[in-house]
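J.: Quick one, protein_22.pdb (PDB, C-alpha atoms, pLDDT in the B column):
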```
ATOM      1  CA  MET A 811     125.040 155.558 -27.380  1.00 82.00           C
ATOM      2  CA  LEU A 812     121.404 155.202 -28.404  1.00 76.00           C
ATOM      3  CA  THR A 813     119.808 151.816 -28.967  1.00 77.00           C
ATOM      4  CA  THR A 814     116.346 150.369 -29.491  1.00 73.00           C
ATOM      5  CA  LEU A 815     115.635 147.846 -26.760  1.00 75.00           C
ATOM      6  CA  LYS A 816     114.267 144.568 -28.050  1.00 76.00           C
ATOM      7  CA  THR A 817     111.703 143.913 -25.355  1.00 70.00           C
ATOM      8  CA  ALA A 818     108.207 144.778 -24.304  1.00 62.00           C
ATOM      9  CA  TYR A 819     107.796 148.006 -22.351  1.00 56.00           C
ATOM     10  CA  THR A 820     107.601 146.528 -18.819  1.00 53.00           C
ATOM     11  CA  ASP A 821     107.674 149.674 -16.653  1.00 50.00           C
ATOM     12  CA  THR A 822     104.205 150.987 -17.182  1.00 69.00           C
ATOM     13  CA  ARG A 823     103.986 153.418 -14.273  1.00 76.00           C
ATOM     14  CA  ALA A 824     106.509 155.626 -12.540  1.00 81.00           C
ATOM     15  CA  ALA A 825     105.035 154.511  -9.203  1.00 80.00           C
ATOM     16  CA  ASP A 826     106.151 150.915  -9.920  1.00 82.00           C
ATOM     17  CA  LEU A 827     109.861 151.796  -9.711  1.00 88.00           C
ATOM     18  CA  ALA A 828     111.832 150.573  -6.717  1.00 87.00           C
ATOM     19  CA  TRP A 829     115.393 151.275  -5.569  1.00 91.00           C
ATOM     20  CA  ALA A 830     117.980 148.832  -4.224  1.00 90.00           C
ATOM     21  CA  LEU A 831     121.672 148.785  -3.356  1.00 92.00           C
ATOM     22  CA  GLY A 832     123.858 145.692  -3.530  1.00 90.00           C
ATOM     23  CA  ARG A 833     121.890 143.550  -5.980  1.00 90.00           C
ATOM     24  CA  GLU A 834     123.733 141.090  -8.187  1.00 91.00           C
ATOM     25  CA  PRO A 835     123.927 141.975 -11.897  1.00 93.00           C
ATOM     26  CA  LEU A 836     120.562 141.473 -13.587  1.00 90.00           C
ATOM     27  CA  PRO A 837     120.079 140.483 -17.246  1.00 89.00           C
ATOM     28  CA  ALA A 838     120.740 143.586 -19.360  1.00 92.00           C
ATOM     29  CA  LEU A 839     119.421 144.590 -22.778  1.00 92.00           C
ATOM     30  CA  ALA A 840     122.215 147.111 -23.363  1.00 94.00           C
ATOM     31  CA  VAL A 841     125.515 147.751 -21.542  1.00 95.00           C
ATOM     32  CA  LEU A 842     128.111 150.497 -21.655  1.00 96.00           C
ATOM     33  CA  ASP A 843     131.474 149.850 -19.958  1.00 96.00           C
ATOM     34  CA  LEU A 844     133.375 152.959 -18.878  1.00 96.00           C
ATOM     35  CA  GLN A 845     136.774 153.647 -17.339  1.00 94.00           C
ATOM     36  CA  LEU A 846     136.526 156.846 -15.281  1.00 92.00           C
ATOM     37  CA  GLY A 847     139.922 157.371 -13.697  1.00 88.00           C
ATOM     38  CA  ALA A 848     140.521 154.381 -11.417  1.00 88.00           C
ATOM     39  CA  ALA A 849     136.821 153.484 -11.473  1.00 91.00           C
ATOM     40  CA  VAL A 850     135.306 150.844 -13.731  1.00 94.00           C
ATOM     41  CA  LEU A 851     131.653 151.692 -14.276  1.00 95.00           C
ATOM     42  CA  GLN A 852     129.061 149.648 -16.088  1.00 97.00           C
ATOM     43  CA  LEU A 853     125.799 151.296 -17.130  1.00 97.00           C
ATOM     44  CA  ARG A 854     123.103 148.671 -17.729  1.00 96.00           C
ATOM     45  CA  LEU A 855     119.677 149.103 -19.299  1.00 93.00           C
ATOM     46  CA  LEU A 856     117.263 146.454 -18.091  1.00 89.00           C
ATOM     47  CA  GLY A 857     113.847 145.446 -19.347  1.00 76.00           C
ATOM     48  CA  ALA A 858     112.752 147.052 -16.095  1.00 69.00           C
ATOM     49  CA  SER A 859     114.889 150.234 -16.118  1.00 87.00           C
ATOM     50  CA  HIS A 860     118.539 150.530 -14.973  1.00 93.00           C
ATOM     51  CA  GLN A 861     121.435 149.151 -12.993  1.00 95.00           C
ATOM     52  CA  VAL A 862     124.862 150.718 -12.357  1.00 97.00           C
ATOM     53  CA  LEU A 863     127.844 148.629 -11.275  1.00 96.00           C
ATOM     54  CA  LEU A 864     130.919 150.436  -9.935  1.00 95.00           C
ATOM     55  CA  GLU A 865     134.277 148.856  -9.077  1.00 92.00           C
ATOM     56  CA  GLU A 866     137.263 150.717  -7.693  1.00 88.00           C
ATOM     57  CA  ASP A 867     140.184 149.866  -5.383  1.00 83.00           C
ATOM     58  CA  GLU A 868     138.184 151.160  -2.405  1.00 77.00           C
ATOM     59  CA  GLY A 869     135.253 148.831  -3.064  1.00 83.00           C
ATOM     60  CA  SER A 870     132.202 148.275  -5.190  1.00 89.00           C
ATOM     61  CA  CYS A 871     128.648 149.564  -5.500  1.00 92.00           C
ATOM     62  CA  SER A 872     125.581 148.228  -7.276  1.00 94.00           C
ATOM     63  CA  GLU A 873     122.526 150.475  -7.705  1.00 94.00           C
ATOM     64  CA  THR A 874     119.286 149.207  -9.221  1.00 93.00           C
ATOM     65  CA  VAL A 875     116.229 151.289 -10.052  1.00 92.00           C
ATOM     66  CA  ALA A 876     113.607 149.083 -11.643  1.00 87.00           C
ATOM     67  CA  CYS A 877     110.275 147.359 -11.334  1.00 81.00           C
ATOM     68  CA  MET A 878     111.266 144.544  -9.009  1.00 71.00           C
ATOM     69  CA  PRO A 879     108.455 142.117  -8.213  1.00 70.00           C
ATOM     70  CA  GLY A 880     108.214 141.555  -4.488  1.00 68.00           C
ATOM     71  CA  SER A 881     110.362 144.582  -3.653  1.00 66.00           C
ATOM     72  CA  SER A 882     109.258 146.491  -0.594  1.00 60.00           C
ATOM     73  CA  THR A 883     111.618 149.439  -1.151  1.00 65.00           C
ATOM     74  CA  PRO A 884     109.833 152.104  -3.197  1.00 72.00           C
ATOM     75  CA  LEU A 885     111.765 154.787  -5.001  1.00 86.00           C
ATOM     76  CA  PRO A 886     112.968 157.181  -2.263  1.00 89.00           C
ATOM     77  CA  LEU A 887     113.302 160.934  -2.699  1.00 90.00           C
ATOM     78  CA  GLY A 888     116.780 160.753  -1.196  1.00 92.00           C
ATOM     79  CA  VAL A 889     119.279 158.371   0.403  1.00 93.00           C
ATOM     80  CA  ALA A 890     122.689 158.924   1.992  1.00 93.00           C
ATOM     81  CA  LYS A 891     124.709 155.874   3.084  1.00 93.00           C
ATOM     82  CA  ARG A 892     128.232 154.881   3.968  1.00 91.00           C
ATOM     83  CA  LEU A 893     129.594 152.069   1.839  1.00 85.00           C
ATOM     84  CA  GLY A 894     132.911 151.094   3.391  1.00 82.00           C
ATOM     85  CA  GLU A 895     135.284 153.959   2.598  1.00 81.00           C
ATOM     86  CA  TRP A 896     132.714 155.672   0.375  1.00 87.00           C
ATOM     87  CA  GLU A 897     129.750 157.945   0.765  1.00 91.00           C
ATOM     88  CA  TYR A 898     126.793 157.176  -1.480  1.00 93.00           C
ATOM     89  CA  GLU A 899     124.010 159.630  -2.242  1.00 95.00           C
ATOM     90  CA  PHE A 900     120.874 159.084  -4.302  1.00 96.00           C
ATOM     91  CA  ALA A 901     118.051 161.473  -5.136  1.00 96.00           C
ATOM     92  CA  ALA A 902     114.939 161.066  -7.274  1.00 95.00           C
ATOM     93  CA  ARG A 903     112.106 163.265  -8.446  1.00 94.00           C
ATOM     94  CA  VAL A 904     109.125 162.864 -10.755  1.00 93.00           C
ATOM     95  CA  GLU A 905     108.374 165.544 -13.346  1.00 94.00           C
ATOM     96  CA  THR A 906     104.802 165.675 -14.673  1.00 94.00           C
ATOM     97  CA  LEU A 907     104.611 167.262 -18.120  1.00 95.00           C
ATOM     98  CA  THR A 908     102.001 168.028 -20.759  1.00 93.00           C
ATOM     99  CA  GLN A 909     102.121 165.925 -23.924  1.00 90.00           C
ATOM    100  CA  GLY A 910     103.916 168.698 -25.837  1.00 91.00           C
ATOM    101  CA  GLN A 911     106.381 169.360 -23.009  1.00 94.00           C
ATOM    102  CA  PHE A 912     107.039 165.633 -22.684  1.00 94.00           C
ATOM    103  CA  ALA A 913     107.846 165.204 -26.393  1.00 93.00           C
ATOM    104  CA  GLY A 914     110.251 168.149 -26.325  1.00 94.00           C
ATOM    105  CA  ARG A 915     111.983 167.003 -23.143  1.00 94.00           C
ATOM    106  CA  ALA A 916     112.307 163.451 -24.504  1.00 93.00           C
ATOM    107  CA  GLN A 917     113.958 164.683 -27.726  1.00 92.00           C
ATOM    108  CA  GLU A 918     116.298 166.956 -25.755  1.00 94.00           C
ATOM    109  CA  LEU A 919     117.416 164.205 -23.354  1.00 95.00           C
ATOM    110  CA  LEU A 920     117.859 161.545 -26.032  1.00 94.00           C
ATOM    111  CA  ALA A 921     119.970 163.950 -28.120  1.00 93.00           C
ATOM    112  CA  LEU A 922     122.117 164.826 -25.069  1.00 93.00           C
ATOM    113  CA  VAL A 923     122.792 161.216 -24.092  1.00 94.00           C
ATOM    114  CA  ALA A 924     123.015 159.614 -27.563  1.00 92.00           C
ATOM    115  CA  ASP A 925     126.158 161.498 -28.606  1.00 89.00           C
ATOM    116  CA  HIS A 926     127.852 161.633 -25.198  1.00 95.00           C
ATOM    117  CA  PRO A 927     130.808 159.229 -24.753  1.00 95.00           C
ATOM    118  CA  ASN A 928     129.596 158.376 -21.224  1.00 96.00           C
ATOM    119  CA  GLY A 929     125.915 158.113 -22.143  1.00 96.00           C
ATOM    120  CA  LEU A 930     123.596 155.182 -22.785  1.00 95.00           C
ATOM    121  CA  ALA A 931     119.961 155.461 -23.841  1.00 93.00           C
ATOM    122  CA  GLY A 932     117.458 152.883 -24.956  1.00 90.00           C
ATOM    123  CA  THR A 933     114.060 153.461 -26.512  1.00 88.00           C
ATOM    124  CA  PHE A 934     111.270 150.932 -26.139  1.00 82.00           C
ATOM    125  CA  PRO A 935     109.159 149.693 -29.051  1.00 82.00           C
ATOM    126  CA  GLY A 936     105.675 151.146 -29.298  1.00 78.00           C
ATOM    127  CA  SER A 937     106.358 154.756 -28.303  1.00 80.00           C
ATOM    128  CA  PRO A 938     109.090 157.103 -29.543  1.00 77.00           C
ATOM    129  CA  HIS A 939     109.157 158.765 -26.135  1.00 88.00           C
ATOM    130  CA  ALA A 940     109.357 155.616 -23.962  1.00 88.00           C
ATOM    131  CA  PHE A 941     113.010 155.435 -22.954  1.00 91.00           C
ATOM    132  CA  THR A 942     115.583 155.009 -20.229  1.00 92.00           C
ATOM    133  CA  ALA A 943     118.748 157.125 -20.425  1.00 95.00           C
ATOM    134  CA  MET A 944     121.914 157.267 -18.325  1.00 96.00           C
ATOM    135  CA  LEU A 945     124.876 159.626 -18.215  1.00 96.00           C
ATOM    136  CA  ALA A 946     128.010 159.231 -16.053  1.00 96.00           C
ATOM    137  CA  GLN A 947     131.018 161.368 -15.146  1.00 95.00           C
ATOM    138  CA  ARG A 948     133.932 161.576 -12.766  1.00 93.00           C
ATOM    139  CA  TYR A 949     134.164 164.904 -10.965  1.00 89.00           C
ATOM    140  CA  GLU A 950     136.507 165.915  -8.138  1.00 84.00           C
ATOM    141  CA  GLY A 951     137.299 162.296  -7.234  1.00 84.00           C
ATOM    142  CA  GLN A 952     133.673 161.175  -7.246  1.00 90.00           C
ATOM    143  CA  VAL A 953     131.728 159.090  -9.726  1.00 94.00           C
ATOM    144  CA  ARG A 954     128.326 160.530 -10.541  1.00 95.00           C
ATOM    145  CA  TRP A 955     125.481 159.430 -12.766  1.00 96.00           C
ATOM    146  CA  ARG A 956     122.066 160.672 -13.758  1.00 97.00           C
ATOM    147  CA  THR A 957     119.185 158.694 -15.163  1.00 96.00           C
ATOM    148  CA  TRP A 958     115.882 159.462 -16.831  1.00 95.00           C
ATOM    149  CA  HIS A 959     112.964 157.020 -17.046  1.00 93.00           C
ATOM    150  CA  ALA A 960     110.169 158.135 -19.361  1.00 92.00           C
ATOM    151  CA  TYR A 961     106.495 157.243 -18.986  1.00 91.00           C
ATOM    152  CA  PRO A 962     104.784 158.987 -21.905  1.00 90.00           C
ATOM    153  CA  GLN A 963     101.368 157.440 -21.205  1.00 87.00           C
ATOM    154  CA  GLU A 964     101.402 159.190 -17.799  1.00 89.00           C
ATOM    155  CA  GLY A 965     103.319 162.281 -18.899  1.00 92.00           C
ATOM    156  CA  GLN A 966     105.880 161.507 -16.188  1.00 93.00           C
ATOM    157  CA  LEU A 967     109.656 161.560 -16.244  1.00 94.00           C
ATOM    158  CA  VAL A 968     111.533 160.027 -13.301  1.00 94.00           C
ATOM    159  CA  VAL A 969     114.901 161.742 -12.847  1.00 95.00           C
ATOM    160  CA  THR A 970     117.594 160.322 -10.563  1.00 96.00           C
ATOM    161  CA  ARG A 971     121.088 161.385  -9.620  1.00 97.00           C
ATOM    162  CA  SER A 972     123.677 159.389  -7.717  1.00 96.00           C
ATOM    163  CA  ARG A 973     127.124 160.096  -6.331  1.00 95.00           C
ATOM    164  CA  VAL A 974     129.762 157.780  -4.902  1.00 93.00           C
ATOM    165  CA  GLY A 975     133.053 159.009  -3.502  1.00 88.00           C
ATOM    166  CA  ALA A 976     135.526 158.972  -0.652  1.00 74.00           C
ATOM    167  CA  ARG A 977     134.296 160.206   2.700  1.00 64.00           C
ATOM    168  CA  MET A 978     135.219 163.784   3.280  1.00 58.00           C
ATOM    169  CA  PRO A 979     137.120 164.510   6.504  1.00 55.00           C
ATOM    170  CA  VAL A 980     135.187 166.499   9.076  1.00 52.00           C
ATOM    171  CA  THR A 981     136.797 169.832   9.856  1.00 55.00           C
ATOM    172  CA  LEU A 982     135.913 171.692  13.018  1.00 52.00           C
TER     173      LEU A 982
END
```
Mind turning this structure into structure tokens?
T.:
Amino acid sequence: MLTTLKTAYTDTRAADLAWALGREPLPALAVLDLQLGAAVLQLRLLGASHQVLLEEDEGSCSETVACMPGSSTPLPLGVAKRLGEWEYEFAARVETLTQGQFAGRAQELLALVADHPNGLAGTFPGSPHAFTAMLAQRYEGQVRWRTWHAYPQEGQLVVTRSRVGARMPVTL
């Protein structure tokens, strides 16, 4: 699903993004509700990037990547945590692209997510390449999602991937 977000473009720099687990739902500009097996997943586009809410019998998870005033948790390169019966993994990277590369990558990603049944993308007014996009799937008993946050004025694309699933038994 592709939508135009009716808000000012609030994330102005990739470096302003922060990451948090366990936040309450924040006001969303666009929402996509998904049923992935036993998991209920909500992809949320915020005025300040994204939030994912996951509910399943084993528990719940809330991930927020956004400009959060007063937040002291910058966007990490990687996180691995135990959440009750689950393992949670998060990874992020920043791609720096030329103007031409950025335009091509933006078109490619928006086309991929717009027509995907588990995809949500929102473009911001003022720039055709200012967007946040999300794509989710269930794979081998885990729920996974990827996100892309575009900063055309900097030529930067922040790419994240997350995974939540049951802890795997240790075999010796």
J.: One number please: atom CA of Ser872 of chain A to atom CA of Leu922 of chain A, in Å, one decimal.
T.: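 Between atom CA of Ser872 of chain A and atom CA of Leu922 of chain A the gap works out to 24.6 Å.
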J.: Nearest to Pro835 of chain A: which of A:Leu863, A:Leu855, A:Met811, A:Met878 is it, counting only C-alpha atoms?
T.: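 The answer is A:Leu863, which sits nearest to Pro835 of chain A.
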J.: Can you tell me, as number ranges by chain, what residues are no more than 10 Å from Gly888 of chain A when counting all atoms listed in the file, ignoring any on the same chain fewer than 5 positions away?
T.: A: 899-903, 970-972
J.: For this structure, which residues satisfy the selection - the PyMOL selection byres ((chain A and resi 829) around 12) - when it is evaluated on the file as given? I want them as a PDB file with C-alpha atoms, in the frame of the given file.
T.:
```pdb
ATOM      1  CA  ALA A 825     105.035 154.511  -9.203  1.00 80.00           C
ATOM      2  CA  ASP A 826     106.151 150.915  -9.920  1.00 82.00           C
ATOM      3  CA  LEU A 827     109.861 151.796  -9.711  1.00 88.00           C
ATOM      4  CA  ALA A 828     111.832 150.573  -6.717  1.00 87.00           C
ATOM      5  CA  ALA A 830     117.980 148.832  -4.224  1.00 90.00           C
ATOM      6  CA  LEU A 831     121.672 148.785  -3.356  1.00 92.00           C
ATOM      7  CA  GLY A 832     123.858 145.692  -3.530  1.00 90.00           C
ATOM      8  CA  ARG A 833     121.890 143.550  -5.980  1.00 90.00           C
ATOM      9  CA  ALA A 858     112.752 147.052 -16.095  1.00 69.00           C
ATOM     10  CA  SER A 859     114.889 150.234 -16.118  1.00 87.00           C
ATOM     11  CA  HIS A 860     118.539 150.530 -14.973  1.00 93.00           C
ATOM     12  CA  GLN A 861     121.435 149.151 -12.993  1.00 95.00           C
ATOM     13  CA  VAL A 862     124.862 150.718 -12.357  1.00 97.00           C
ATOM     14  CA  SER A 872     125.581 148.228  -7.276  1.00 94.00           C
ATOM     15  CA  GLU A 873     122.526 150.475  -7.705  1.00 94.00           C
ATOM     16  CA  THR A 874     119.286 149.207  -9.221  1.00 93.00           C
ATOM     17  CA  VAL A 875     116.229 151.289 -10.052  1.00 92.00           C
ATOM     18  CA  ALA A 876     113.607 149.083 -11.643  1.00 87.00           C
ATOM     19  CA  CYS A 877     110.275 147.359 -11.334  1.00 81.00           C
ATOM     20  CA  MET A 878     111.266 144.544  -9.009  1.00 71.00           C
ATOM     21  CA  PRO A 879     108.455 142.117  -8.213  1.00 70.00           C
ATOM     22  CA  SER A 881     110.362 144.582  -3.653  1.00 66.00           C
ATOM     23  CA  SER A 882     109.258 146.491  -0.594  1.00 60.00           C
ATOM     24  CA  THR A 883     111.618 149.439  -1.151  1.00 65.00           C
ATOM     25  CA  PRO A 884     109.833 152.104  -3.197  1.00 72.00           C
ATOM     26  CA  LEU A 885     111.765 154.787  -5.001  1.00 86.00           C
ATOM     27  CA  PRO A 886     112.968 157.181  -2.263  1.00 89.00           C
ATOM     28  CA  LEU A 887     113.302 160.934  -2.699  1.00 90.00           C
ATOM     29  CA  GLY A 888     116.780 160.753  -1.196  1.00 92.00           C
ATOM     30  CA  VAL A 889     119.279 158.371   0.403  1.00 93.00           C
ATOM     31  CA  PHE A 900     120.874 159.084  -4.302  1.00 96.00           C
ATOM     32  CA  ALA A 901     118.051 161.473  -5.136  1.00 96.00           C
ATOM     33  CA  ALA A 902     114.939 161.066  -7.274  1.00 95.00           C
ATOM     34  CA  THR A 970     117.594 160.322 -10.563  1.00 96.00           C
ATOM     35  CA  SER A 972     123.677 159.389  -7.717  1.00 96.00           C
TER      36      SER A 972
END
```
J.: Using only C-alpha atoms, which residue out of A:Val953, A:Leu812, A:Val841, A:Leu836 lies closest to Leu919 of chain A?
T.: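 Checking each of A:Val953, A:Leu812, A:Val841, A:Leu836 against Leu919 of chain A, counting only C-alpha atoms, the winner is A:Leu812.
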J.: Taking into account all atoms listed in the file, which residue in the set A:Arg892, A:His939, A:Arg954, A:Arg948 is nearest to Leu920 of chain A?
T.: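 Between A:Arg892, A:His939, A:Arg954, A:Arg948, the residue approaching Leu920 of chain A most closely is A:His939.
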J.: Around the point (106.7, 168.1, -18.6), in the coordinates given by the file, pick out the residues reaching within 12 Å, counting all atoms listed in the file, and return them as a PyMOL selection string.
T.: chain A and resi 904-916+960-962+964-969
J.: Dump C-alpha atoms for the selected residues as an mmCIF file, keeping the file's coordinate frame?
T.:
```cif
data_model
loop_
_atom_site.group_PDB
_atom_site.id
_atom_site.type_symbol
_atom_site.label_atom_id
_atom_site.label_comp_id
_atom_site.auth_asym_id
_atom_site.auth_seq_id
_atom_site.Cartn_x
_atom_site.Cartn_y
_atom_site.Cartn_z
ATOM 1 C CA VAL A 904 109.125 162.864 -10.755
ATOM 2 C CA GLU A 905 108.374 165.544 -13.346
ATOM 3 C CA THR A 906 104.802 165.675 -14.673
ATOM 4 C CA LEU A 907 104.611 167.262 -18.120
ATOM 5 C CA THR A 908 102.001 168.028 -20.759
ATOM 6 C CA GLN A 909 102.121 165.925 -23.924
ATOM 7 C CA GLY A 910 103.916 168.698 -25.837
ATOM 8 C CA GLN A 911 106.381 169.360 -23.009
ATOM 9 C CA PHE A 912 107.039 165.633 -22.684
ATOM 10 C CA ALA A 913 107.846 165.204 -26.393
ATOM 11 C CA GLY A 914 110.251 168.149 -26.325
ATOM 12 C CA ARG A 915 111.983 167.003 -23.143
ATOM 13 C CA ALA A 916 112.307 163.451 -24.504
ATOM 14 C CA ALA A 960 110.169 158.135 -19.361
ATOM 15 C CA TYR A 961 106.495 157.243 -18.986
ATOM 16 C CA PRO A 962 104.784 158.987 -21.905
ATOM 17 C CA GLU A 964 101.402 159.190 -17.799
ATOM 18 C CA GLY A 965 103.319 162.281 -18.899
ATOM 19 C CA GLN A 966 105.880 161.507 -16.188
ATOM 20 C CA LEU A 967 109.656 161.560 -16.244
ATOM 21 C CA VAL A 968 111.533 160.027 -13.301
ATOM 22 C CA VAL A 969 114.901 161.742 -12.847
#
```
J.: Interatomic distance between atom CA of Tyr898 of chain A and atom CA of Gln952 of chain A?
T.: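 A separation of 9.8 Å between them.
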J.: Separation of atom CA of Phe934 of chain A and atom CA of Gln947 of chain A, in Å?
T.: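 Distance reported for this atom pair: 24.9 Å.
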J.: Measuring atom to atom with all atoms listed in the file, identify which of A:Gly929, A:Lys891, A:Thr814, A:Trp896 is nearest to Ser870 of chain A.
T.: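 Smallest separation from Ser870 of chain A among the options: A:Trp896.
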J.: Excluding Leu851 of chain A and its own-chain neighbours fewer than 3 positions away, which residues fall within 6 Å of it when counting only C-alpha atoms? Please give them as an NGL selection string.
T.: :A and (843-844 or 863-864)
